[in-house]
Amino acid sequence: MSERKVLNKYYPPDFDPAKIPKLKLPKDRQYVVRLMAPFNMRCKTCGEYIYKGKKFNARKETVQNEVYLGLPIFRFYIKCTRCLAEITFKTDPENTDYTMEHGATRNFQAEKLLEEEEKRMQKEREDEELNNPMKVLENRTKDSKLEMEVLENLQELKELNQRQANVDFEAMLKQYKEYEEEQKRKEQEEDEQEMKAMLEQAQNRRLLVDSDSDEEPAKSRTKSAEKMKPTEILQEDPQPQSKKLKTESWERSVGKLNTKAQLAGLVTVRKQKPGPALANGTENQGTAADTADVLVEERILPGPRR
């Protein structure tokens with residue numbers, strides 16, 4: 001099976017390349033090439049500006065009877081992008097550039113004109129020095145004086161810049177970094193001081209609360225010690241103390257009841273008729289009041305009678 005892409009072709013043994021007829025083509029034939037505009041130009045027909053680097057499908061041909069040092073010169077044909085007028089330019093190997101022929105004008109180029117003027121002046125100077133040795137000496141002295149003046153002006157400019165611009169950017173950056181570090185350090189110190197103050201306040205509050213809780217039982221103890229005397233412990237009976245504890249617990253749960261003050265108006269004493277024995281009547285009144293108080297206490301405070 002043969003290869004898909006054949007690289008070597010078969011030549012028979014009786015092959016003679018001289019027998020192949022040569023293709024006769026005209027010398028001024030044209031080729032279609034893709035190129036970019038080599039310089040800025042303006043169309044003469046419509047005034048359209050064509051800038052350097054714009055791409056065209058151009059026709060290329062070899063210029064007849066024009067050669068520079070054996071190098072052929074080529075001509076290019078392009079069309080204006082607006083009016084389709086034909087513009088032609090050709091190569092210039094002598095100046096390594098292109099020259100405009102017709103259809104457009106090349107825009108002004110100051111740099112190129114300056115280079116041409118410098119070349120012209122340099123050529124004239126070389127021609128003068130070639131025939132006149134005194135002119136050579138004169139030109140050398142002028143060049144040395146010009147060089148000295150240029151060096152002096154340069155030194156003056158350096159001194160002026162040193163006087164006017166004494167700014168050290170590295171020192172400024174260093175100073176700014178130091179300032180930032182100092183600000184950060186101050187902020188950290190302030191934060192630490194605030195934290196210490198807050199901790200001290202919290203500790204003081206805790207100490208005050210602890211001292212108040214310690215002082216309250218101490219005061220109660222001192223009051224109880226002031227009320228009670230050591231001799232009263234022997235005189236008091238154990239039973240009244242238990243009764244006092246019961247009454248205190250009752251008063252805490254229900255409330256204190258002052259029977260004589262609050263319920264004095266609920267009990268009325270009967271009036272006895274005046275008789276011969278007033279003394280006996282007064283005594284009976286006293287006993288009746290006592291019995292009424294006892295009955296009221298029994299109704300309010302249930303339990304064993306005292």
# chains A, B, ... in the order shown; residues from 1 in each chain; ligands from 1
$ residues_around --residues "stretch 89-101 of chain A" --least-positions-apart "5" --cutoff "8 Å" --atoms "only C-alpha atoms" --output "list in words"
Pro38, Tyr68, Leu71, Ile73, Phe74, Arg75, Phe76, Tyr77 and Arg106 of chain A
$ select_by_dssp --residues "stretch 23-146 of chain A" --states "strand (DSSP E or B)" --output "PyMOL selection string"
chain A and resi 31-36+41-43+49-50+55-68+71-79+86-92+97-102+104-106
$ write_last_selection --atoms "C-alpha atoms" --output "short mmCIF file (atom, residue, chain, number, x, y, z; two decimals), in the first residue's frame"
data_model
loop_
_atom_site.label_atom_id
_atom_site.label_comp_id
_atom_site.auth_asym_id
_atom_site.auth_seq_id
_atom_site.Cartn_x
_atom_site.Cartn_y
_atom_site.Cartn_z
CA TYR A 31 2.85 39.28 -8.24
CA VAL A 32 0.16 39.85 -5.63
CA VAL A 33 1.71 40.27 -2.20
CA ARG A 34 0.49 41.31 1.22
CA LEU A 35 2.34 44.30 2.68
CA MET A 36 2.04 47.21 5.09
CA MET A 41 1.07 59.32 3.18
CA ARG A 42 -1.91 61.32 1.94
CA CYS A 43 -3.90 60.57 -1.17
CA TYR A 49 -4.58 59.86 5.27
CA ILE A 50 -2.94 56.44 5.08
CA LYS A 55 -2.15 46.44 5.40
CA PHE A 56 -2.82 46.21 1.66
CA ASN A 57 -3.04 43.55 -1.03
CA ALA A 58 -0.46 45.06 -3.40
CA ARG A 59 0.99 44.19 -6.78
CA LYS A 60 4.76 43.88 -6.97
CA GLU A 61 6.95 44.17 -10.06
CA THR A 62 10.66 44.54 -10.80
CA VAL A 63 11.74 47.94 -12.11
CA GLN A 64 13.49 47.66 -15.44
CA ASN A 65 16.91 49.25 -16.04
CA GLU A 66 17.30 50.30 -12.38
CA VAL A 67 19.81 48.49 -10.21
CA TYR A 68 21.81 49.58 -7.14
CA LEU A 71 20.32 44.79 -6.12
CA PRO A 72 17.03 44.95 -8.02
CA ILE A 73 14.51 47.69 -7.24
CA PHE A 74 10.85 46.74 -6.79
CA ARG A 75 7.73 48.79 -7.40
CA PHE A 76 4.47 48.36 -5.46
CA TYR A 77 0.93 49.30 -6.48
CA ILE A 78 -1.76 49.89 -3.81
CA LYS A 79 -5.22 51.48 -3.85
CA GLU A 86 -3.80 53.90 -7.51
CA ILE A 87 -0.71 54.77 -5.45
CA THR A 88 2.79 53.58 -6.33
CA PHE A 89 6.10 53.61 -4.44
CA LYS A 90 9.38 51.72 -4.85
CA THR A 91 12.30 50.57 -2.79
CA ASP A 92 15.41 52.70 -2.11
CA ASP A 97 14.02 53.34 2.68
CA TYR A 98 11.12 53.73 0.21
CA THR A 99 10.45 56.55 -2.25
CA MET A 100 7.03 57.80 -3.29
CA GLU A 101 6.34 57.85 -7.07
CA HIS A 102 2.80 59.12 -7.70
CA ALA A 104 0.06 60.36 -2.92
CA THR A 105 2.41 62.65 -1.01
CA ARG A 106 4.63 61.54 1.83
#
$ select_by_dssp --residues "stretch 69-231 of chain A" --states "helix (DSSP H, G or I)" --output "PyMOL selection string"
chain A and resi 110-131+133-164+169-227
$ atom_distance --atom1 "atom CA of A:Ala202" --atom2 "atom CA of A:Gln183"
28.8 Å
